[in-house]
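Chemist: Sharing work-v6.csv, CSV, C-alpha atoms:
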```
chain,number,residue,atom,x,y,z
A,193,ARG,CA,151.8,178.4,125.7
A,194,LEU,CA,152.8,175.8,123.1
A,195,SER,CA,155.2,177.3,120.6
A,196,MET,CA,155.5,175.9,117.0
A,197,THR,CA,157.7,176.6,114.1
A,198,SER,CA,157.1,175.3,110.6
A,199,PRO,CA,160.1,173.4,109.2
A,200,ASP,CA,159.0,174.0,105.6
A,201,PRO,CA,161.7,175.6,103.6
A,202,GLU,CA,159.0,177.0,101.3
A,203,TYR,CA,157.0,178.5,104.2
A,204,GLN,CA,157.2,182.1,103.0
A,205,THR,CA,156.4,181.2,99.4
A,206,LYS,CA,153.3,179.2,100.3
A,207,GLN,CA,152.1,181.8,102.8
A,208,THR,CA,152.5,184.6,100.2
A,209,ARG,CA,150.6,182.5,97.6
A,210,ILE,CA,147.7,182.1,100.0
A,211,ILE,CA,147.6,185.8,100.9
A,212,ARG,CA,147.6,186.8,97.3
A,213,LEU,CA,144.9,184.2,96.4
A,214,ARG,CA,142.7,185.5,99.2
A,215,GLU,CA,143.0,189.1,97.9
A,216,SER,CA,142.4,188.1,94.3
A,217,THR,CA,139.2,186.1,95.1
A,218,LYS,CA,137.8,188.9,97.2
A,219,THR,CA,136.5,190.8,94.1
A,220,ASN,CA,136.4,187.9,91.7
A,221,GLY,CA,132.9,186.6,91.6
A,222,SER,CA,133.9,183.6,89.4
A,223,ALA,CA,136.3,182.1,91.9
A,224,VAL,CA,136.0,181.1,95.6
A,225,MET,CA,138.7,180.3,98.1
A,226,LEU,CA,138.0,177.8,100.9
A,227,TYR,CA,139.9,176.8,104.0
A,228,GLN,CA,139.5,173.0,104.5
A,229,ASP,CA,140.2,170.7,107.4
A,230,GLU,CA,139.0,167.7,109.4
A,231,VAL,CA,138.3,167.2,113.1
A,232,THR,CA,137.4,164.2,115.3
A,233,TYR,CA,135.2,164.3,118.4
A,234,TYR,CA,134.3,161.6,120.9
A,235,ARG,CA,131.3,160.3,122.9
A,236,ALA,CA,133.3,160.8,126.1
A,237,PRO,CA,133.5,164.6,126.9
A,238,SER,CA,136.8,166.4,126.7
A,239,THR,CA,137.8,168.2,129.9
A,240,ALA,CA,138.4,172.0,129.8
A,241,ARG,CA,138.2,175.1,132.0
A,242,SER,CA,134.6,175.8,132.9
A,243,TYR,CA,132.5,178.1,135.0
A,244,GLY,CA,130.6,177.0,138.1
A,245,ALA,CA,129.2,178.2,141.3
A,246,SER,CA,131.8,178.9,144.0
A,247,GLY,CA,132.3,176.2,146.6
A,248,GLN,CA,132.5,172.5,146.3
A,249,ASP,CA,130.0,172.0,143.5
A,250,GLN,CA,132.4,172.3,140.6
A,251,PRO,CA,131.8,171.3,136.9
A,252,THR,CA,132.8,167.7,136.2
A,253,THR,CA,132.7,165.3,133.2
A,254,SER,CA,131.3,161.8,133.4
A,255,VAL,CA,133.1,158.9,131.9
A,256,ASP,CA,131.4,155.5,131.9
A,257,HIS,CA,132.1,152.0,130.5
A,258,THR,CA,129.8,152.0,127.5
A,259,THR,CA,131.0,151.6,123.9
A,260,HIS,CA,133.7,154.1,122.9
A,261,ARG,CA,132.5,156.1,119.8
A,262,SER,CA,133.9,158.9,117.7
A,263,ALA,CA,132.8,160.9,114.7
A,264,ARG,CA,134.8,162.7,112.0
A,265,ILE,CA,134.0,165.9,110.2
A,266,ALA,CA,135.4,167.3,106.9
A,267,ALA,CA,134.6,170.9,106.4
A,268,ALA,CA,135.4,173.9,104.2
A,269,MET,CA,134.9,177.6,105.0
A,270,ASP,CA,134.6,180.3,102.4
A,271,ALA,CA,137.3,182.9,103.1
A,272,HIS,CA,135.1,185.8,102.3
A,273,SER,CA,131.5,184.9,103.4
A,274,GLY,CA,132.1,182.5,106.3
A,275,ARG,CA,129.9,179.9,104.6
A,276,VAL,CA,130.6,176.4,105.9
A,277,GLU,CA,130.1,173.1,104.0
A,278,TYR,CA,130.7,169.9,105.9
A,279,LEU,CA,130.5,166.1,105.7
A,280,HIS,CA,129.8,164.2,109.0
A,281,GLY,CA,130.6,160.5,109.3
A,282,THR,CA,132.3,157.9,111.4
A,283,SER,CA,135.5,158.3,109.4
A,284,ILE,CA,137.0,160.2,106.5
A,285,GLY,CA,138.9,158.1,104.0
A,286,THR,CA,139.5,158.5,100.3
A,287,ASP,CA,136.0,157.7,99.3
A,288,LYS,CA,134.4,160.0,101.8
A,289,LEU,CA,136.9,162.8,100.9
A,290,ILE,CA,136.0,162.4,97.2
A,291,SER,CA,132.3,162.6,98.1
A,292,PHE,CA,132.9,165.7,100.1
A,293,TYR,CA,134.8,167.3,97.2
A,294,GLU,CA,131.8,166.5,95.0
A,295,GLN,CA,129.5,168.1,97.5
A,296,ILE,CA,131.8,171.2,97.5
A,297,ALA,CA,131.7,171.4,93.7
A,298,GLU,CA,127.9,171.3,93.7
A,299,ALA,CA,127.6,173.8,96.5
A,300,PHE,CA,129.8,176.3,94.7
A,301,SER,CA,128.8,175.4,91.1
A,302,SER,CA,128.2,179.1,90.3
A,303,GLN,CA,132.0,179.7,90.5
A,304,ASN,CA,134.3,178.8,87.7
A,305,GLN,CA,137.2,178.0,90.0
A,306,ILE,CA,137.4,176.6,93.5
A,307,TYR,CA,140.7,177.0,95.4
A,308,MET,CA,141.0,174.8,98.5
A,309,VAL,CA,143.6,175.6,101.1
A,310,GLN,CA,144.4,172.5,103.2
A,311,ASP,CA,147.1,171.0,105.3
A,312,ASN,CA,149.5,168.1,104.4
A,313,TRP,CA,147.5,165.2,105.7
A,314,PRO,CA,148.6,162.4,103.3
A,315,VAL,CA,145.0,161.3,102.5
A,316,HIS,CA,144.5,164.7,100.8
A,317,PHE,CA,147.1,163.7,98.2
A,318,HIS,CA,146.2,160.0,97.8
A,319,PRO,CA,146.2,159.0,94.1
A,320,ALA,CA,142.5,157.9,94.5
A,321,VAL,CA,141.7,161.4,95.5
A,322,MET,CA,144.0,163.5,93.2
A,323,LYS,CA,142.9,161.6,90.1
A,324,GLN,CA,139.3,162.7,90.6
A,325,LEU,CA,140.4,166.4,90.6
A,326,GLU,CA,141.1,168.6,87.6
A,327,THR,CA,144.7,169.1,86.5
A,328,GLN,CA,146.5,170.9,89.3
A,329,HIS,CA,148.3,174.1,88.5
A,330,VAL,CA,150.3,174.5,91.7
A,331,ALA,CA,153.9,173.3,91.1
A,332,ASP,CA,154.5,171.9,94.7
A,333,ARG,CA,155.4,168.2,94.9
A,334,PHE,CA,152.5,166.7,96.9
A,335,PRO,CA,153.4,164.1,99.6
A,336,VAL,CA,153.5,160.5,98.4
A,337,VAL,CA,153.5,157.4,100.7
A,338,ASP,CA,155.6,154.5,99.3
A,339,ASN,CA,153.1,151.7,100.1
A,340,TRP,CA,150.1,153.5,98.5
A,341,GLN,CA,148.3,151.4,95.9
A,342,ASP,CA,146.8,153.1,93.0
A,343,ASN,CA,143.3,151.7,93.4
A,344,THR,CA,141.7,154.7,91.7
A,345,LYS,CA,138.1,154.4,90.7
A,346,ALA,CA,137.0,155.7,87.3
A,347,ILE,CA,136.4,159.4,87.1
A,348,GLN,CA,132.7,160.4,87.3
A,349,ALA,CA,130.9,160.7,84.0
A,350,ASP,CA,130.4,164.5,84.5
A,351,GLY,CA,134.2,165.0,84.5
A,352,PRO,CA,136.9,165.7,87.0
A,353,ILE,CA,136.0,167.7,90.1
A,354,PRO,CA,136.9,171.4,89.5
A,355,ILE,CA,139.0,172.0,92.6
A,356,GLN,CA,142.6,173.4,92.8
A,357,VAL,CA,144.5,172.2,95.9
A,358,ILE,CA,146.6,174.9,97.6
A,359,PRO,CA,148.9,173.2,100.2
A,360,LEU,CA,149.7,175.0,103.5
A,361,PRO,CA,153.3,175.0,104.7
A,362,THR,CA,154.2,171.9,106.7
A,363,TYR,CA,153.0,172.0,110.3
A,364,ALA,CA,151.5,175.5,110.1
A,365,PRO,CA,147.9,175.3,111.5
A,366,TRP,CA,147.9,179.0,112.4
A,367,LEU,CA,147.6,179.7,108.7
A,368,ASN,CA,144.4,177.8,108.5
A,369,PRO,CA,141.5,179.9,110.0
A,370,ILE,CA,139.1,177.0,110.0
A,371,GLU,CA,141.1,175.7,113.0
A,372,LYS,CA,139.3,178.4,115.0
A,373,LEU,CA,136.0,177.1,113.9
A,374,TRP,CA,137.0,173.8,115.6
A,375,ARG,CA,138.0,175.8,118.6
A,376,TRP,CA,134.6,177.4,118.8
A,377,LEU,CA,132.8,174.1,118.3
A,378,LYS,CA,134.8,172.5,121.1
A,379,GLN,CA,134.1,175.4,123.4
A,380,ASN,CA,130.4,175.5,122.8
A,381,VAL,CA,129.5,171.8,122.3
A,382,ILE,CA,132.2,169.2,122.8
A,383,HIS,CA,134.2,170.3,126.0
A,384,MET,CA,132.5,169.2,129.2
A,385,HIS,CA,129.3,168.0,127.3
A,386,SER,CA,126.7,166.0,129.1
A,387,PHE,CA,125.7,163.6,126.3
A,388,GLY,CA,127.9,160.6,127.2
A,389,GLN,CA,124.7,158.5,127.3
A,390,ALA,CA,123.1,160.2,124.3
A,391,TRP,CA,125.4,159.8,121.3
A,392,SER,CA,122.8,160.8,118.8
A,393,THR,CA,122.0,164.0,120.7
A,394,LEU,CA,125.6,165.0,120.8
A,395,LYS,CA,125.9,164.5,117.0
A,396,THR,CA,122.7,166.5,116.5
A,397,ASN,CA,124.2,169.4,118.6
A,398,VAL,CA,127.4,169.3,116.6
A,399,GLN,CA,125.5,169.5,113.3
A,400,GLN,CA,123.2,172.3,114.6
A,401,PHE,CA,126.2,174.3,115.5
A,402,LEU,CA,127.8,173.9,112.0
A,403,ASP,CA,124.5,174.5,110.3
A,404,ARG,CA,124.5,178.1,111.7
A,405,PHE,CA,127.1,178.9,109.1
A,406,SER,CA,125.5,177.3,106.1
A,407,THR,CA,124.7,180.6,104.4
A,408,GLY,CA,127.7,182.6,105.6
A,409,SER,CA,128.5,184.4,108.9
A,410,THR,CA,130.0,187.7,109.7
A,411,ALA,CA,130.5,186.5,113.3
A,412,LEU,CA,132.5,183.5,112.1
A,413,LEU,CA,134.7,185.7,109.9
A,414,GLU,CA,135.3,188.0,112.9
A,415,TYR,CA,136.1,185.0,115.2
A,416,THR,CA,138.5,183.5,112.7
A,417,GLY,CA,140.2,186.8,111.9
A,418,LEU,CA,139.0,187.0,108.3
A,419,LEU,CA,136.7,190.0,108.7
A,420,PRO,CA,138.2,193.0,106.8
A,421,GLU,CA,139.0,196.0,109.0
```
Can the structure in the file be given as structure tokens, please?

Modeler:
Amino acid sequence: RLSMTSPDPEYQTKQTRIIRLRESTKTNGSAVMLYQDEVTYYRAPSTARSYGASGQDQPTTSVDHTTHRSARIAAAMDAHSGRVEYLHGTSIGTDKLISFYEQIAEAFSSQNQIYMVQDNWPVHFHPAVMKQLETQHVADRFPVVDNWQDNTKAIQADGPIPIQVIPLPTYAPWLNPIEKLWRWLKQNVIHMHSFGQAWSTLKTNVQQFLDRFSTGSTALLEYTGLLPE
């Protein structure tokens, strides 16, 4: 098995913060904690272990010479209900990410505070994104890329988006349970799929899978290890 170790010198501090935040939001009806991430999938099926009848008729994938296509999903999962909100598109850049955050703020408008745990993908901390959010209370120094241009658009008329970003330790995907949602999606829909010639059908199947969790899911909490014992 692949073994990974986070090089982040603040690993323990960040992990403890996330654990405490999850505990504090469990009984706080005015705040919600979300695990956020992105994933990409492709028109060509990914290969994986699969079941089939014994003998020579084994499961296979089909790769042809039609146009290569991919889709990108940004999603956030409620740490306590298993509710999933997502944005599905061809790519996720700064504009799409801001639109997704606005979608999150609308979906959880009944909460006074939204905490979003996410990894250190640089786009998460682009000036065009961060300036659309409310003042951040976490003291961590967010990553900055030298050649970024501050092409920030004006903040929406209804004010900054009420999201507090909670960064994960560097290279620590095991601390983000939504990674297991992607694992489930790949196992059920993407691996060995038969929709290489039906791109729209593949996208519909992906959306239908994610829509199962639109109102929360005990099964998803159990699968991701978040269901209380």

Chemist: Select, from A:Gln228, A:Ser242, A:Ser291, A:Thr197, the residue with the minimum atom-to-atom distance to A:Ala271, counting all atoms listed in the file.

Modeler: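 Nearest candidate to A:Ala271 out of A:Gln228, A:Ser242, A:Ser291, A:Thr197: A:Gln228.
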
Chemist: Rank A:Phe405, A:Met384, A:Ile296, A:Ile210 by their smallest atom-to-atom distance to A:Gln250, using only C-alpha atoms, and report the top residue only.

Modeler: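 Of A:Phe405, A:Met384, A:Ile296, A:Ile210, the one nearest A:Gln250 is A:Met384, counting only C-alpha atoms.
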
Chemist: Would you list the contacts of A:Gln305 as a PyMOL selection string, taking every protein, DNA or RNA residue within 7 Å and counting all atoms listed in the file, but skipping same-chain residues closer than 2 positions in sequence?

Modeler: chain A and resi 222-224+303+307+354-355

Chemist: Which one of A:Gly388, A:Pro369, A:Gly285, A:Gly351 sits closest to A:Leu419 if you count all atoms listed in the file?

Modeler: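 For A:Leu419, the nearest of the candidates is A:Pro369.
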
Chemist: What separation in Å, quoted to one decimal, exists between atom CA of A:Ala364 and atom CA of A:Lys378?

Modeler: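 Interatomic distance, atom CA of A:Ala364 to atom CA of A:Lys378: 20.2 Å.
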
Chemist: Take atom CA of A:Glu326 and atom CA of A:Val309 and report the distance between them in Å, one decimal.

Modeler: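 So the two atoms, atom CA of A:Glu326 and atom CA of A:Val309, lie 15.4 Å apart.
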
Chemist: One number please: atom CA of A:Ser409 to atom CA of A:Val276, in Å, one decimal.

Modeler: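 Atom-to-atom, atom CA of A:Ser409 to atom CA of A:Val276, that is 8.8 Å.
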
Chemist: Counting only C-alpha atoms, which of A:Val337, A:Val330, A:Ile382, A:Leu394 gets nearest to A:Arg209?

Modeler: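 Looking at the shortest contact to A:Arg209, the residue is A:Val330.
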
Chemist: Would you kindly identify which residues have an atom no farther than 9 Å from (147.0, 172.6, 106.8), using only C-alpha atoms and the file's own coordinates, and write them out as a list in words?

Modeler: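 I get Tyr227, Gln228, Asp229, Val309, Gln310, Asp311, Asn312, Trp313, Pro359, Leu360, Pro361, Thr362, Tyr363, Ala364, Pro365, Trp366, Leu367 and Asn368 of chain A for the residues within 9 Å of that point.
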
Chemist: Just C-alpha atoms for this one: save the residues we selected as an mmCIF file, keeping the file's coordinate frame.

Modeler:
```cif
data_model
loop_
_atom_site.group_PDB
_atom_site.id
_atom_site.type_symbol
_atom_site.label_atom_id
_atom_site.label_comp_id
_atom_site.auth_asym_id
_atom_site.auth_seq_id
_atom_site.Cartn_x
_atom_site.Cartn_y
_atom_site.Cartn_z
ATOM 1 C CA TYR A 227 139.900 176.800 104.000
ATOM 2 C CA GLN A 228 139.500 173.000 104.500
ATOM 3 C CA ASP A 229 140.200 170.700 107.400
ATOM 4 C CA VAL A 309 143.600 175.600 101.100
ATOM 5 C CA GLN A 310 144.400 172.500 103.200
ATOM 6 C CA ASP A 311 147.100 171.000 105.300
ATOM 7 C CA ASN A 312 149.500 168.100 104.400
ATOM 8 C CA TRP A 313 147.500 165.200 105.700
ATOM 9 C CA PRO A 359 148.900 173.200 100.200
ATOM 10 C CA LEU A 360 149.700 175.000 103.500
ATOM 11 C CA PRO A 361 153.300 175.000 104.700
ATOM 12 C CA THR A 362 154.200 171.900 106.700
ATOM 13 C CA TYR A 363 153.000 172.000 110.300
ATOM 14 C CA ALA A 364 151.500 175.500 110.100
ATOM 15 C CA PRO A 365 147.900 175.300 111.500
ATOM 16 C CA TRP A 366 147.900 179.000 112.400
ATOM 17 C CA LEU A 367 147.600 179.700 108.700
ATOM 18 C CA ASN A 368 144.400 177.800 108.500
#
```

Chemist: Is it possible to dump stretch 234-295 of chain A as a compact mmCIF listing (two decimals), in the first residue's frame, including just C-alpha atoms?

Modeler:
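Output contents, as saved in decode23.txt:
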```txt
# COMPACT_ATOMS: atom_id res chain seq x y z
CA TYR A 234 -13.02 11.35 -17.79
CA ARG A 235 -15.01 10.08 -20.74
CA ALA A 236 -12.61 7.14 -21.01
CA PRO A 237 -13.34 4.64 -18.21
CA SER A 238 -10.73 4.08 -15.53
CA THR A 239 -9.63 0.50 -15.01
CA ALA A 240 -10.03 -1.23 -11.67
CA ARG A 241 -10.62 -4.62 -10.10
CA SER A 242 -14.00 -5.95 -11.10
CA TYR A 243 -16.16 -9.06 -10.81
CA GLY A 244 -17.00 -11.29 -13.74
CA ALA A 245 -17.91 -14.84 -14.62
CA SER A 246 -15.10 -17.35 -14.32
CA GLY A 247 -13.40 -18.35 -17.56
CA GLN A 248 -12.32 -16.21 -20.49
CA ASP A 249 -15.13 -13.65 -20.50
CA GLN A 250 -13.49 -11.15 -18.17
CA PRO A 251 -14.60 -7.52 -17.56
CA THR A 252 -12.87 -5.06 -19.89
CA THR A 253 -12.95 -1.35 -20.62
CA SER A 254 -13.26 0.14 -24.09
CA VAL A 255 -11.06 2.99 -25.28
CA ASP A 256 -11.74 4.52 -28.69
CA HIS A 257 -10.52 7.49 -30.70
CA THR A 258 -13.33 9.97 -30.13
CA THR A 259 -12.78 13.36 -28.50
CA HIS A 260 -11.17 13.22 -25.09
CA ARG A 261 -13.40 14.83 -22.48
CA SER A 262 -13.32 15.44 -18.76
CA ALA A 263 -15.50 17.02 -16.11
CA ARG A 264 -14.68 18.59 -12.77
CA ILE A 265 -16.72 18.62 -9.57
CA ALA A 266 -16.42 20.85 -6.52
CA ALA A 267 -18.31 19.48 -3.53
CA ALA A 268 -18.76 20.05 0.18
CA MET A 269 -20.05 17.54 2.74
CA ASP A 270 -21.69 18.40 6.06
CA ALA A 271 -19.61 16.72 8.78
CA HIS A 272 -22.68 15.88 10.87
CA SER A 273 -25.55 15.20 8.44
CA GLY A 274 -23.76 13.85 5.38
CA ARG A 275 -25.50 16.42 3.19
CA VAL A 276 -23.59 17.09 -0.04
CA GLU A 277 -23.65 20.25 -2.14
CA TYR A 278 -21.78 20.21 -5.44
CA LEU A 279 -21.03 22.17 -8.60
CA HIS A 280 -20.49 20.22 -11.83
CA GLY A 281 -18.63 21.74 -14.78
CA THR A 282 -15.89 21.35 -17.36
CA SER A 283 -13.36 23.04 -15.09
CA ILE A 284 -13.10 24.71 -11.70
CA GLY A 285 -11.25 28.04 -11.69
CA THR A 286 -11.58 31.12 -9.52
CA ASP A 287 -14.94 32.23 -10.97
CA LYS A 288 -16.47 28.77 -10.63
CA LEU A 289 -15.13 28.42 -7.10
CA ILE A 290 -16.66 31.75 -6.09
CA SER A 291 -19.98 30.65 -7.61
CA PHE A 292 -19.76 27.42 -5.64
CA TYR A 293 -19.11 29.31 -2.40
CA GLU A 294 -22.15 31.47 -3.11
CA GLN A 295 -24.15 28.29 -3.63
```
